[in-house]
Each structure stands twice: as C-alpha cells, then as structure tokens.
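Shown next: target.cif, given as mmCIF, C-alpha atoms.
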data_model
#
loop_
_atom_site.label_atom_id
_atom_site.label_comp_id
_atom_site.auth_asym_id
_atom_site.auth_seq_id
_atom_site.Cartn_x
_atom_site.Cartn_y
_atom_site.Cartn_z
CA MET A 1 -3.52 75.36 39.53
CA PRO A 2 -0.71 77.45 38.00
CA PRO A 3 2.78 76.01 37.44
CA SER A 4 4.77 75.36 40.61
CA LYS A 5 6.54 78.29 42.25
CA ASP A 6 9.87 76.54 41.73
CA THR A 7 9.29 76.14 37.98
CA ILE A 8 8.12 79.73 37.67
CA ALA A 9 11.19 81.00 39.53
CA ARG A 10 13.59 78.91 37.43
CA SER A 11 11.89 80.05 34.22
CA LEU A 12 12.16 83.71 35.16
CA GLU A 13 15.79 83.42 36.22
CA THR A 14 17.07 82.55 32.74
CA PRO A 15 18.09 85.42 30.40
CA TYR A 16 15.42 84.21 27.96
CA GLY A 17 12.74 84.20 30.66
CA GLU A 18 13.81 87.62 31.88
CA ARG A 19 13.40 89.06 28.37
CA ALA A 20 10.00 87.42 27.94
CA TYR A 21 8.99 88.96 31.29
CA LYS A 22 10.25 92.36 30.11
CA ILE A 23 8.02 92.22 27.02
CA VAL A 24 4.95 91.50 29.13
CA GLU A 25 5.96 94.26 31.54
CA THR A 26 6.39 96.81 28.74
CA LEU A 27 3.00 96.03 27.17
CA THR A 28 1.21 95.82 30.53
CA ASP A 29 2.58 99.21 31.58
CA LYS A 30 0.98 100.65 28.43
CA GLY A 31 -2.39 99.18 29.43
CA PHE A 32 -2.40 96.12 27.16
CA ASP A 33 -3.59 92.74 28.47
CA THR A 34 -0.58 90.47 27.81
CA TRP A 35 0.17 86.82 28.64
CA TRP A 36 2.54 83.95 27.96
CA VAL A 37 0.53 81.34 26.08
CA GLY A 38 0.53 77.81 24.68
CA GLY A 39 3.46 75.42 24.75
CA CYS A 40 5.53 77.42 27.23
CA VAL A 41 2.73 77.17 29.81
CA ARG A 42 2.35 73.45 29.09
CA ASP A 43 6.09 72.98 29.61
CA MET A 44 6.00 74.81 32.93
CA LEU A 45 3.11 72.68 34.15
CA GLN A 46 5.31 69.66 33.44
CA GLY A 47 8.15 71.18 35.47
CA THR A 48 10.22 72.12 32.41
CA ILE A 49 11.81 75.51 31.75
CA PRO A 50 10.39 76.60 28.36
CA ALA A 51 12.78 76.95 25.46
CA ASP A 52 10.22 78.96 23.45
CA ILE A 53 7.82 81.51 24.86
CA ASP A 54 4.95 82.83 22.76
CA ILE A 55 3.19 85.96 23.90
CA ALA A 56 -0.41 87.02 23.23
CA THR A 57 -1.66 90.54 23.81
CA SER A 58 -4.57 92.90 23.29
CA ALA A 59 -2.18 95.35 21.57
CA LYS A 60 -2.51 95.62 17.79
CA PRO A 61 0.55 94.78 15.68
CA ASP A 62 1.40 98.42 14.96
CA GLU A 63 1.08 99.22 18.68
CA VAL A 64 3.47 96.38 19.54
CA ALA A 65 5.98 97.44 16.88
CA ALA A 66 5.92 101.03 18.16
CA LEU A 67 7.08 99.91 21.60
CA PHE A 68 10.09 97.89 20.46
CA LYS A 69 12.91 99.19 18.28
CA ARG A 70 13.91 95.83 16.83
CA SER A 71 10.73 94.35 15.45
CA LYS A 72 9.41 92.82 12.25
CA ASP A 73 5.77 92.84 11.22
CA GLU A 74 4.85 89.30 10.19
CA GLY A 75 1.78 90.58 8.37
CA THR A 76 -1.29 92.33 9.70
CA ARG A 77 -3.44 89.58 8.17
CA PHE A 78 -2.43 87.21 10.96
CA GLY A 79 -1.58 89.80 13.59
CA SER A 80 1.96 88.74 14.55
CA VAL A 81 5.09 90.77 15.23
CA ARG A 82 8.55 89.35 15.90
CA ILE A 83 10.53 91.16 18.59
CA LEU A 84 14.30 90.84 18.95
CA LEU A 85 15.64 91.37 22.47
CA GLY A 86 19.32 90.62 22.84
CA ASP A 87 19.86 87.47 20.79
CA ASP A 88 16.35 86.13 21.40
CA VAL A 89 13.38 86.36 19.05
CA PHE A 90 9.83 86.44 20.45
CA GLU A 91 6.59 86.20 18.52
CA ILE A 92 3.94 88.59 19.81
CA THR A 93 0.43 87.84 18.53
CA THR A 94 -2.65 89.99 18.98
CA PHE A 95 -5.65 88.25 20.58
CA ARG A 96 -7.79 87.14 17.67
CA GLU A 97 -10.87 85.30 16.59
CA ASP A 98 -10.56 83.23 13.41
CA ASP A 99 -12.95 83.72 10.55
CA GLU A 100 -14.88 80.44 10.20
CA ALA A 101 -14.69 80.56 6.40
CA SER A 102 -11.78 78.44 5.27
CA ASP A 103 -10.61 76.17 2.49
CA GLY A 104 -8.85 73.92 4.98
CA ARG A 105 -5.42 75.34 4.16
CA HIS A 106 -5.53 78.22 6.59
CA PRO A 107 -8.07 80.72 8.00
CA GLU A 108 -9.32 83.14 5.37
CA ALA A 109 -8.81 86.06 7.75
CA VAL A 110 -8.54 86.92 11.42
CA THR A 111 -10.45 89.39 13.53
CA PHE A 112 -8.76 90.87 16.58
CA GLY A 113 -10.60 90.14 19.82
CA THR A 114 -10.27 89.40 23.51
CA ARG A 115 -8.27 86.85 25.44
CA GLU A 116 -11.43 84.77 25.85
CA GLN A 117 -12.06 84.77 22.10
CA ASP A 118 -8.40 84.00 21.48
CA ALA A 119 -8.62 80.90 23.68
CA LYS A 120 -11.68 79.60 21.81
CA ARG A 121 -9.95 79.69 18.42
CA ARG A 122 -6.93 77.62 19.56
CA ASP A 123 -6.69 74.00 18.44
CA PHE A 124 -6.11 71.85 21.55
CA THR A 125 -6.85 72.28 25.23
CA VAL A 126 -3.17 71.81 26.10
CA ASN A 127 -2.35 74.81 23.87
CA ALA A 128 -5.04 77.11 25.28
CA MET A 129 -3.51 77.93 28.64
CA TYR A 130 -2.26 81.40 29.60
CA PHE A 131 0.17 82.51 32.30
CA HIS A 132 0.86 86.06 33.46
CA PRO A 133 4.50 86.24 34.63
CA ILE A 134 3.95 89.43 36.64
CA THR A 135 0.75 88.59 38.55
CA GLN A 136 1.37 84.81 38.15
CA GLU A 137 -2.29 84.34 37.22
CA PHE A 138 -3.20 81.17 35.32
CA TYR A 139 -6.03 81.15 32.77
CA ASP A 140 -7.23 77.70 31.64
CA PRO A 141 -10.78 77.89 30.25
CA PHE A 142 -10.91 74.40 28.69
CA GLY A 143 -9.29 72.16 31.26
CA GLY A 144 -5.88 72.00 29.66
CA GLU A 145 -4.12 71.39 32.96
CA GLY A 146 -6.09 68.20 33.52
CA ASP A 147 -5.38 67.06 29.96
CA VAL A 148 -1.64 67.68 30.47
CA LYS A 149 -1.76 65.42 33.54
CA GLU A 150 -3.59 62.75 31.54
CA ARG A 151 -1.35 63.43 28.50
CA LEU A 152 -4.56 63.81 26.52
CA ILE A 153 -4.85 65.46 23.10
CA ARG A 154 -8.34 66.96 22.82
CA PHE A 155 -9.70 69.46 20.32
CA ILE A 156 -11.43 72.57 21.59
CA GLY A 157 -15.01 72.56 20.33
CA GLU A 158 -16.27 70.26 17.57
CA PRO A 159 -13.24 68.29 16.26
CA ALA A 160 -14.39 68.00 12.64
CA ILE A 161 -15.08 71.72 12.44
CA ARG A 162 -11.70 72.55 13.95
CA ILE A 163 -9.98 70.34 11.36
CA LYS A 164 -11.96 71.75 8.44
CA HIS A 165 -10.97 75.23 9.53
CA ASP A 166 -7.28 74.32 9.17
CA ALA A 167 -6.29 70.83 7.99
CA LEU A 168 -2.80 71.27 9.43
CA ARG A 169 -4.37 70.50 12.80
CA ILE A 170 -4.51 66.84 11.75
CA LEU A 171 -0.71 66.69 11.71
CA ARG A 172 -0.38 68.88 14.78
CA ALA A 173 -2.59 66.49 16.75
CA VAL A 174 -0.33 63.59 15.85
CA ARG A 175 2.82 65.56 16.65
CA PHE A 176 1.54 66.70 20.04
CA ARG A 177 0.46 63.15 20.94
CA ALA A 178 4.04 62.00 20.23
CA ARG A 179 5.52 65.00 22.04
CA LEU A 180 3.52 64.29 25.20
CA ASP A 181 3.91 60.52 24.78
CA GLY A 182 0.16 60.70 25.28
CA GLN A 183 -3.21 59.61 23.97
CA TYR A 184 -6.17 60.98 22.05
CA HIS A 185 -9.62 61.86 23.31
CA PRO A 186 -12.02 59.40 21.58
CA GLU A 187 -13.80 62.18 19.65
CA THR A 188 -10.46 63.64 18.54
CA TYR A 189 -9.24 60.22 17.36
CA ALA A 190 -12.45 59.57 15.41
CA ALA A 191 -12.26 62.98 13.73
CA LEU A 192 -8.64 62.43 12.70
CA ARG A 193 -9.57 59.18 10.96
CA GLU A 194 -12.65 60.65 9.30
CA GLN A 195 -10.93 63.82 8.06
CA ALA A 196 -7.54 62.29 7.12
CA GLY A 197 -8.03 63.04 3.42
CA LEU A 198 -8.05 66.79 4.10
CA VAL A 199 -4.24 66.86 4.42
CA SER A 200 -4.16 66.66 0.63
CA VAL A 201 -5.20 70.33 0.45
CA LEU A 202 -2.13 71.48 2.38
CA SER A 203 0.88 72.95 0.62
CA GLY A 204 4.01 70.86 0.35
CA SER A 205 5.96 73.30 2.51
CA ARG A 206 3.50 73.01 5.42
CA LEU A 207 3.55 69.21 5.15
CA LEU A 208 7.35 69.17 5.14
CA GLU A 209 7.56 71.50 8.12
CA GLU A 210 5.31 69.24 10.23
CA THR A 211 7.08 66.10 9.00
CA GLU A 212 10.43 67.51 10.10
CA LYS A 213 9.07 68.60 13.47
CA MET A 214 7.97 65.00 14.04
CA LEU A 215 11.33 63.60 12.92
CA ASN A 216 13.25 66.06 15.09
CA GLY A 217 10.96 65.75 18.11
CA PRO A 218 10.48 63.06 20.76
CA HIS A 219 9.01 59.66 19.83
CA PRO A 220 9.09 60.12 16.02
CA ASP A 221 8.22 56.45 15.53
CA ARG A 222 4.99 56.92 17.48
CA ALA A 223 4.04 59.88 15.30
CA PHE A 224 4.51 57.95 12.06
CA GLU A 225 2.80 54.83 13.39
CA ASP A 226 -0.19 57.08 14.08
CA LEU A 227 -0.01 58.66 10.63
CA TRP A 228 -0.12 55.20 9.06
CA GLU A 229 -2.89 53.85 11.30
CA LEU A 230 -5.10 56.92 10.89
CA GLY A 231 -4.84 56.79 7.09
CA ILE A 232 -3.01 60.12 6.94
CA LEU A 233 0.38 59.03 5.62
CA LYS A 234 -1.01 57.56 2.40
CA GLU A 235 -2.44 60.98 1.55
CA PHE A 236 0.94 62.72 1.30
CA LEU A 237 3.79 60.18 1.61
CA ARG A 238 2.72 57.09 -0.26
CA GLU A 239 6.39 56.19 -0.70
CA LEU A 240 6.62 55.43 3.01
CA PHE A 241 3.07 54.15 3.45
CA ASP A 242 3.77 51.30 1.01
CA CYS A 243 6.59 49.94 3.19
CA LYS A 244 4.17 48.35 5.66
CA GLY A 245 3.94 44.60 5.07
CA ILE A 246 7.02 44.29 2.84
CA PRO A 247 8.91 41.33 4.35
CA GLN A 248 12.68 41.19 4.85
CA PRO A 249 15.15 38.28 5.05
CA ALA A 250 14.50 36.63 8.41
CA ASP A 251 18.18 35.78 8.89
CA TYR A 252 19.20 39.43 8.89
CA HIS A 253 16.12 41.36 10.05
CA HIS A 254 14.57 39.97 13.22
CA GLU A 255 12.91 43.36 13.79
CA GLY A 256 10.28 42.65 11.13
CA ASP A 257 9.24 44.13 7.81
CA VAL A 258 10.55 47.24 6.06
CA TRP A 259 8.18 49.48 8.00
CA ASP A 260 9.25 47.94 11.32
CA HIS A 261 12.89 48.49 10.36
CA THR A 262 12.22 52.14 9.50
CA MET A 263 10.42 52.73 12.80
CA GLN A 264 13.31 51.15 14.70
CA VAL A 265 15.66 53.52 12.87
CA LEU A 266 13.53 56.47 14.02
CA ARG A 267 13.57 55.21 17.61
CA ASN A 268 17.37 55.35 17.54
CA PHE A 269 17.76 58.97 16.47
CA ARG A 270 20.50 60.68 18.48
CA GLU A 271 20.93 64.33 19.35
CA GLU A 272 23.87 64.64 16.94
CA ASP A 273 21.94 63.30 13.94
CA THR A 274 21.26 66.22 11.60
CA ALA A 275 17.88 67.08 10.12
CA ASP A 276 19.08 65.95 6.67
CA ALA A 277 20.45 62.67 8.03
CA ARG A 278 17.07 62.04 9.70
CA LEU A 279 15.18 62.67 6.49
CA ALA A 280 17.58 60.39 4.63
CA ALA A 281 17.12 57.68 7.27
CA PHE A 282 13.36 58.06 6.97
CA PHE A 283 13.47 57.46 3.20
CA HIS A 284 16.52 55.18 2.95
CA ASP A 285 14.63 51.92 2.32
CA CYS A 286 11.38 53.16 0.76
CA GLY A 287 12.45 51.61 -2.56
CA LYS A 288 12.21 48.12 -1.10
CA ALA A 289 8.45 48.14 -1.75
CA LYS A 290 9.21 48.33 -5.49
CA THR A 291 12.28 46.05 -5.60
CA PHE A 292 11.06 43.09 -3.54
CA SER A 293 11.83 39.74 -5.16
CA LEU A 294 12.01 36.16 -3.93
CA LYS A 295 15.02 34.25 -5.29
CA GLU A 296 17.34 32.12 -3.16
CA ARG A 297 16.05 34.42 -0.42
CA ILE A 298 14.19 37.71 -0.20
CA ARG A 299 16.13 40.32 -2.17
CA PHE A 300 15.90 44.05 -2.91
CA ASP A 301 18.26 44.52 -5.83
CA HIS A 302 19.21 48.19 -6.51
CA HIS A 303 16.87 49.37 -3.74
CA ALA A 304 19.23 52.20 -2.73
CA THR A 305 18.96 53.75 -6.19
CA ILE A 306 15.18 53.38 -6.31
CA SER A 307 14.87 54.71 -2.75
CA ALA A 308 16.89 57.80 -3.70
CA ASP A 309 14.68 58.41 -6.74
CA LEU A 310 11.53 58.08 -4.62
CA ALA A 311 12.94 60.31 -1.89
CA SER A 312 13.71 63.04 -4.42
CA GLN A 313 10.24 62.68 -5.91
CA ALA A 314 8.59 63.01 -2.51
CA LEU A 315 10.76 65.93 -1.38
CA LYS A 316 10.07 67.86 -4.58
CA ARG A 317 6.37 67.39 -3.92
CA LEU A 318 6.95 68.70 -0.39
CA GLN A 319 8.65 71.79 -1.85
CA CYS A 320 12.00 71.00 -0.25
CA SER A 321 14.91 73.13 -1.49
CA GLY A 322 16.90 71.80 -4.40
CA LYS A 323 20.17 71.76 -2.45
CA ARG A 324 18.67 69.68 0.36
CA ILE A 325 17.10 67.27 -2.13
CA GLU A 326 20.51 66.85 -3.78
CA LYS A 327 22.13 65.99 -0.46
CA ILE A 328 19.40 63.63 0.79
CA ASP A 329 19.35 61.89 -2.59
CA TRP A 330 23.15 61.40 -2.33
CA LEU A 331 22.90 60.05 1.22
CA VAL A 332 20.14 57.57 0.38
CA ARG A 333 21.79 56.53 -2.89
CA HIS A 334 25.04 55.65 -1.11
CA HIS A 335 23.72 54.18 2.15
CA MET A 336 24.83 50.67 1.05
CA SER A 337 28.33 51.83 0.00
CA MET A 338 30.52 50.51 2.80
CA THR A 339 33.57 49.18 0.91
CA PHE A 340 35.94 52.01 1.90
CA LEU A 341 38.42 49.76 3.71
CA GLU A 342 39.28 48.07 0.39
CA MET A 343 39.94 51.33 -1.48
CA PRO A 344 43.35 52.83 -2.32
CA GLU A 345 44.23 55.98 -0.36
CA GLU A 346 43.52 58.29 -3.31
CA ARG A 347 40.04 56.84 -3.75
CA LYS A 348 39.34 57.08 -0.02
CA GLY A 349 40.02 60.80 -0.25
CA HIS A 350 37.18 61.16 -2.74
CA TRP A 351 34.79 59.84 -0.09
CA TYR A 352 36.34 60.93 3.20
CA PHE A 353 36.81 64.53 2.08
CA HIS A 354 33.27 64.74 0.75
CA PRO A 355 31.37 67.44 2.71
CA TRP A 356 28.40 65.12 3.24
CA PHE A 357 30.37 62.06 4.37
CA PRO A 358 29.90 62.75 8.13
CA GLU A 359 26.13 62.57 7.59
CA LEU A 360 26.54 59.41 5.53
CA LEU A 361 28.27 57.93 8.59
CA GLN A 362 25.23 58.94 10.65
CA LEU A 363 22.98 57.15 8.18
CA PHE A 364 25.20 54.04 8.29
CA TRP A 365 24.90 53.96 12.08
CA LEU A 366 21.14 54.49 12.09
CA ASP A 367 20.58 51.78 9.48
CA ILE A 368 22.50 49.31 11.66
CA ALA A 369 20.74 50.45 14.85
CA GLY A 370 17.41 49.85 13.10
CA THR A 371 18.34 46.24 12.40
CA THR A 372 18.07 43.31 14.83
CA PRO A 373 20.62 41.92 15.48
CA SER A 374 22.74 45.09 15.18
CA GLY A 375 26.33 44.48 14.11
CA PHE A 376 28.52 47.58 14.36
CA ASP A 377 31.91 45.94 13.71
CA LEU A 378 32.24 47.12 10.09
CA TYR A 379 30.93 50.59 10.98
CA ASP A 380 33.48 50.87 13.79
CA GLU A 381 36.29 49.86 11.41
CA ILE A 382 35.20 52.45 8.83
CA LEU A 383 34.95 55.16 11.48
CA LYS A 384 38.43 54.30 12.76
CA ASP A 385 39.84 54.30 9.22
CA TYR A 386 38.09 57.60 8.44
CA ASN A 387 39.57 59.32 11.49
CA HIS A 388 43.02 57.83 10.81
CA PHE A 389 42.87 59.00 7.19
CA LEU A 390 41.96 62.56 8.21
CA ASP A 391 44.78 62.62 10.76
CA ALA A 392 47.27 61.46 8.11
CA HIS A 393 45.85 63.57 5.29
CA PRO A 394 44.78 67.06 6.43
CA ARG A 395 41.69 68.18 4.59
CA PRO A 396 42.77 70.11 1.46
CA GLU A 397 41.98 73.78 1.17
CA LYS A 398 39.21 74.90 -1.12
CA PRO A 399 40.51 74.93 -4.74
CA LEU A 400 41.56 78.35 -5.94
CA LEU A 401 39.97 77.74 -9.36
CA THR A 402 36.96 75.77 -10.53
CA GLY A 403 36.80 73.57 -13.59
CA THR A 404 34.70 76.21 -15.34
CA GLU A 405 37.36 78.86 -14.69
CA VAL A 406 40.10 76.57 -16.03
CA MET A 407 38.08 75.99 -19.23
CA GLU A 408 37.55 79.75 -19.66
CA ILE A 409 41.28 80.51 -19.19
CA LEU A 410 42.38 77.86 -21.69
CA GLY A 411 39.41 78.02 -24.06
CA LEU A 412 38.69 74.34 -23.55
CA GLY A 413 35.47 72.38 -23.28
CA PRO A 414 34.86 69.60 -20.76
CA SER A 415 37.67 67.10 -21.22
CA GLU A 416 40.19 64.84 -19.55
CA GLN A 417 42.78 67.61 -19.97
CA VAL A 418 40.79 69.89 -17.65
CA GLY A 419 40.77 67.19 -14.98
CA LYS A 420 44.54 66.75 -15.27
CA ILE A 421 45.13 70.48 -14.89
CA LEU A 422 42.87 70.67 -11.86
CA LYS A 423 44.85 67.83 -10.28
CA GLN A 424 48.16 69.61 -10.99
CA LEU A 425 46.70 72.83 -9.60
CA HIS A 426 45.58 71.01 -6.45
CA GLU A 427 49.03 69.45 -5.94
CA ALA A 428 50.74 72.82 -6.39
CA GLN A 429 48.33 74.43 -3.94
CA SER A 430 48.86 71.63 -1.38
CA LYS A 431 52.65 72.11 -1.57
CA GLY A 432 52.28 75.86 -1.08
CA GLU A 433 53.72 76.62 -4.54
CA ILE A 434 50.68 78.79 -5.31
CA THR A 435 48.64 80.63 -2.67
CA THR A 436 46.47 83.18 -4.51
CA LYS A 437 43.88 83.14 -7.25
CA LYS A 438 46.14 85.27 -9.44
CA GLU A 439 48.97 82.75 -9.10
CA ALA A 440 46.53 79.93 -9.88
CA LYS A 441 45.46 81.66 -13.10
CA GLU A 442 49.09 82.18 -14.15
CA PHE A 443 49.86 78.53 -13.34
CA THR A 444 46.91 77.43 -15.47
CA SER A 445 47.79 79.72 -18.37
CA ARG A 446 51.27 78.13 -18.59
CA ARG A 447 49.56 74.82 -19.29
CA GLN A 448 48.00 76.07 -22.52
CA MET A 449 48.01 73.29 -25.07
CA PRO A 450 50.13 74.12 -28.23
#

Is it possible to give me this structure as structure tokens?
Amino acid sequence: MPPSKDTIARSLETPYGERAYKIVETLTDKGFDTWWVGGCVRDMLQGTIPADIDIATSAKPDEVAALFKRSKDEGTRFGSVRILLGDDVFEITTFREDDEASDGRHPEAVTFGTREQDAKRRDFTVNAMYFHPITQEFYDPFGGEGDVKERLIRFIGEPAIRIKHDALRILRAVRFRARLDGQYHPETYAALREQAGLVSVLSGSRLLEETEKMLNGPHPDRAFEDLWELGILKEFLRELFDCKGIPQPADYHHEGDVWDHTMQVLRNFREEDTADARLAAFFHDCGKAKTFSLKERIRFDHHATISADLASQALKRLQCSGKRIEKIDWLVRHHMSMTFLEMPEERKGHWYFHPWFPELLQLFWLDIAGTTPSGFDLYDEILKDYNHFLDAHPRPEKPLLTGTEVMEILGLGPSEQVGKILKQLHEAQSKGEITTKKEAKEFTSRRQMP
C-alpha cells in the first residue's frame, strides 16, 4: 500500500515537495526512470511530511547535471549530483549496484544499474522503498512497509555480508532503531553483536557524523544503550563505555551510576540545545571513571578537568575540528563552575560576556535534569542574574585592536602593561571616545612607555 492520499497531498503542497516533484517531472520527461526513495517514503508511510527527499534515477550524473543549471557533481565514483532549486538542495543518485569487494570502510566502486538492482544494494528494508510522485506508484520489493508498521530494523540479504560491505551500517542500524523507537530482527541483532569490532576500521569523521546524528535525533539514550549492549561503543568511545557501573553518591544521585546519569541527561535534550552543548553533555562526566574514590562518601575530585581532557582526546580521534574541540573542552571543564552569584560585577562580565556562556547554561540545565532529584533553584538564580547583568551592562562591542596589534604598535612583548592598555582602550571605546581602528591605533601610540 502506498502512503495515504492525504499524506501525499500534504507533501506535494509544500514548496519543498513541489520542487522535488519538479525534479522527477523534468527527468521523467526526458525518459529517465526517477523516484523518491528511502527515508522520505518511510516518513510518508508514517503520516509525516518529509523534511528531506532523496531522489534516485536511471539518468547518469552528467545527464542529470545537464538538465539543471545549479548543480554540483558529488563525484562520478558514487554517482551523486546535488541540485539547487530555490533555496533547497536535493541529492540525485543514479541507480547503482555496489561492488561486493570492500574493506568495510566503504564500497570499492559502484556500477550503475536498474531500480531493482538499486533496491538490492540498500541496507535496510525500511530504506528500500520507492515512491513516484507523478504516477503515485509504490515500489517495495523487500516488505519495508510491513517493517515500518512493526518498527522493525531488518537488513536486506545476509546481515553479516551487508555489514562487511560497509561497517557504517552497524551504526546506522542502531540509529534507525532509535529513530523508529523500534526493534531489531533477530538475525540483524545477532549480526550487529558478532560484527561490532568492524567499526574500528571506520574513519573518525564517519564515526563522529553518526554519533552526532544519534545525539541530535530522537531517543538518543536508546541508541547509546544499544551501542553499549552490543559491544560497539567500546570499539570507538571507550571513554564513555567505562562509565557503566561507576557508582555515585546515593544521597545526590537516585538515578543510578554515572552511565545512568548520562543517559538521563540525553533523555532530557531540548530542541534549543545546540549540537556542541549535546556533545559536551555526553562527555561531561566521563572522567568520573578515572577519579572515583571512596572517602567520607563517594567522591570524584577534579573530574571536570579529567572529563575535559578525555573529551578532547576522543574528539581528536573522531577528527572533530579544532575550534569545536576547544569549545567542548571549555564547556566540560567549567560545567561545575556555578559560583557566579558570589562574584564582583567586573568578574561576572568575564563569564557572562563569554561567547560560549549560553551553551554553558544549557549544560548546567542538562546536568541537573539528568540528576534525581533535580534541583533547579541555583540554576534559576544564575539565569536571573545573568539576564539582569546583560540588561544593566550592554554587551561591549568587539575590541578595535587585539593584544597582538597593541604589542606590535608599542614594540612590547606579552606583559601586564599590554593588559592595562587594552583595558584603557576598551573603556575609551565604551564611552565613545574612539570609534575607528585608526583612532584606536593613535590612542595606543600615545601610551608608549618612555
């Protein structure tokens, strides 16, 4: 059975759906067999208007590119072209048949083929469904519709072979199970356990991409519970794997051990929590496995510092960008710093004006939400004080000169004098006494030491 007529109509009425229809229409008019495929069809079967529509066609990449002015060849090796219509980007992929030779990282090559061959090379039944928006035909050769109803994740063909062909399918299986709030076919589950070690051949960037999709998708706690249970997490994130079974003070953490606390944090992700705040929340207590001690009670002395070090270590291994690592390290390192109410106004400005402080507030909230009982009184006071401070002290403009520029102008090295001049420069800028970079340089020059 195809998606309901109501869902089809609502999907085609959106500007995005109209443009996806137009692409199929353009390729079909030129004689190319073209369909919507994968997740968008699954969404429509569930009564949801798809936010992403992938398109598969018999047209070769160069033939697709020739029909659309705004296109980008994603590489003939994998047969994909990105088309820009209006403000929307669509990925158009030529029907293909994967080469069975693989090192587990990715297919060695692809061979263009038919729609039937294209369906056979897809990973899961729920991703191998095709819908034609013009004729409204529905092609489902492997029973994906039934699996969507059962919320069942099932490999197409022999599970172990499918995994060996591309080890990323291990993580995709877990992510789709969480996305559907579903369950595994017994043979799929067994294969995931047996082949878990293959994730070690994947690049850090592919591992990070799937990790973030899980953290930013529905039911992230279910995904990571599965990764732990299946023996997958220990293969690429030992820092988190080791948190299972690390006890916490019973008086403060009724939710359970460090792992239980982390999973409760993940369950409380909100729409406004940024991707970096989510990663920081994921790693924020991983250092407790190394800092556990039993004194007058269970303690984790300096665990924020150790957690930040471990988070940076893991993210470097996952080929995360240096700037993101710097931010996530800062967030984790300071997630226990909640003494702002006691600070003088000048010191508060150091924190409250920090560009990453809003995400630190998100991490504060998530840490509390992940704890049972959850006490938000201090958080609420800090948030109130933060907003009051910003109302009373408008955020300063970006400095006209950097410390490096001041040192170059005055021929100084790093010193206390440079800091004093920067402070004077900031005060003069705040009062409107200087407004341009030229004026800032002249102001600085007049402070040349005799």

Atom CA of A:Arg169 and atom CA of A:Gly17 are how many Å apart?
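So the answer is 28.3 Å.
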
For the file shown, what are the residues hit by the PyMOL selection byres ((chain A and resi 163) around 10), laid out as a ChimeraX atom specification?
/A:104-105,123,155,158-162,164-171,173,188,191-192,195-196,198-199

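Take the candidates A:Phe283, A:Phe241, A:Phe68, A:Tyr386 and check each one against A:Ile92 using all atoms listed in the file; the shortest distance goes to A:Phe68.
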
Reference answer for the PyMOL selection byres ((chain A and resi 214-225) around 9), as a ChimeraX atom specification
/A:174-181,209-213,226-230,233,262-267,269,271,274-275,278-279,282

For the residues selected in the previous step, produce a file with C-alpha atoms as a short mmCIF file (atom, residue, chain, number, x, y, z; two decimals), keeping the file's coordinate frame.
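Saved result, selection.cif, follows:
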data_model
loop_
_atom_site.label_atom_id
_atom_site.label_comp_id
_atom_site.auth_asym_id
_atom_site.auth_seq_id
_atom_site.Cartn_x
_atom_site.Cartn_y
_atom_site.Cartn_z
CA VAL A 174 -0.33 63.59 15.85
CA ARG A 175 2.82 65.56 16.65
CA PHE A 176 1.54 66.70 20.04
CA ARG A 177 0.46 63.15 20.94
CA ALA A 178 4.04 62.00 20.23
CA ARG A 179 5.52 65.00 22.04
CA LEU A 180 3.52 64.29 25.20
CA ASP A 181 3.91 60.52 24.78
CA GLU A 209 7.56 71.50 8.12
CA GLU A 210 5.31 69.24 10.23
CA THR A 211 7.08 66.10 9.00
CA GLU A 212 10.43 67.51 10.10
CA LYS A 213 9.07 68.60 13.47
CA ASP A 226 -0.19 57.08 14.08
CA LEU A 227 -0.01 58.66 10.63
CA TRP A 228 -0.12 55.20 9.06
CA GLU A 229 -2.89 53.85 11.30
CA LEU A 230 -5.10 56.92 10.89
CA LEU A 233 0.38 59.03 5.62
CA THR A 262 12.22 52.14 9.50
CA MET A 263 10.42 52.73 12.80
CA GLN A 264 13.31 51.15 14.70
CA VAL A 265 15.66 53.52 12.87
CA LEU A 266 13.53 56.47 14.02
CA ARG A 267 13.57 55.21 17.61
CA PHE A 269 17.76 58.97 16.47
CA GLU A 271 20.93 64.33 19.35
CA THR A 274 21.26 66.22 11.60
CA ALA A 275 17.88 67.08 10.12
CA ARG A 278 17.07 62.04 9.70
CA LEU A 279 15.18 62.67 6.49
CA PHE A 282 13.36 58.06 6.97
#

For the file shown, what are the residues hit by the PyMOL selection byres ((chain A and resi 91) around 7), laid out as an MDAnalysis selection string?
chainID A and resid 54:55 80:83 89:90 92:93

File of the preceding selection, C-alpha atoms, as a CSV table (one decimal), keeping the file's coordinate frame:
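This went into again-v8.csv:
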chain,number,residue,atom,x,y,z
A,54,ASP,CA,5.0,82.8,22.8
A,55,ILE,CA,3.2,86.0,23.9
A,80,SER,CA,2.0,88.7,14.6
A,81,VAL,CA,5.1,90.8,15.2
A,82,ARG,CA,8.6,89.4,15.9
A,83,ILE,CA,10.5,91.2,18.6
A,89,VAL,CA,13.4,86.4,19.0
A,90,PHE,CA,9.8,86.4,20.4
A,92,ILE,CA,3.9,88.6,19.8
A,93,THR,CA,0.4,87.8,18.5

Gap from atom CA of A:Pro50 to atom CA of A:Lys5 - Å, one decimal:
14.5 Å

Taking only residues of stretch 269-304 of chain A that have an atom at most 9 Å from an atom of stretch 353-363 of chain A, what is each one's shortest atom pair and its distance in Å to one decimal, using all atoms listed in the file, in chain and number order, as a tab-separated table?
residue	atom	partner	partner_atom	distance
A:Glu272	CA	A:Gln362	CA	8.6
A:Asp273	CA	A:Gln362	CA	6.4
A:Thr274	CA	A:Glu359	CA	7.3
A:Asp276	CA	A:Glu359	CA	7.9
A:Ala277	CA	A:Glu359	CA	5.7
A:Arg278	CA	A:Leu363	CA	7.8
A:Ala280	CA	A:Leu363	CA	7.2
A:Ala281	CA	A:Leu363	CA	6.0
A:His284	CA	A:Leu363	CA	8.5

Using all atoms listed in the file, which of A:Thr34, A:Ser445, A:Asn268, A:Thr111 sits nearest A:Ala56?
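Closest candidate: A:Thr34.
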
So that I can see what lies close to A:Pro247, please list as a VMD selection string the residues with an atom at most 10 Å from it, counting all atoms listed in the file and leaving out residues fewer than 4 positions away in the same chain.
chain A and resid 243 253 256 to 260 288 to 289 292 298 to 299

When you draw a straight line from atom CA of A:Glu63 to atom CA of A:Arg121, how long is it in Å?
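Interatomic distance here is 22.4 Å.
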
List the neighbours of A:Val24 out to 12 Å using all atoms listed in the file; skip same-chain residues closer than 2 positions along the sequence, and give me the result as a PyMOL selection string.
chain A and resi 17-22+26-37+53-59+64+67-68+83+90-92+131-136

Using all atoms listed in the file, determine which residues lie at most 10 Å from A:Leu410, disregarding the query and same-chain residues fewer than 4 positions distant; provide the list as a list in words.
Glu405, Val406, Val418, Lys441, Thr444, Ser445, Arg446, Arg447, Gln448 and Met449 of chain A

Ref. answer, residues at most 9 Å from (-5.5, 73.4, 20.8) with only C-alpha atoms, as a ChimeraX atom specification
/A:38,119-128,144,153-156,169,173

Compare A:Gly143, A:Pro61, A:Gly287, A:Gly197 by their minimum atom-to-atom distance to A:Asp242, counting all atoms listed in the file, and give me the closest one.
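Of all the options, A:Gly287 lies closest to A:Asp242.
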
At a cut-off of 10 Å, using all atoms listed in the file, what residues contact A:His303? Leave out same-chain residues fewer than 2 positions from it and give the result as a ChimeraX atom specification.
/A:284-292,299-301,305-309,332-333,336
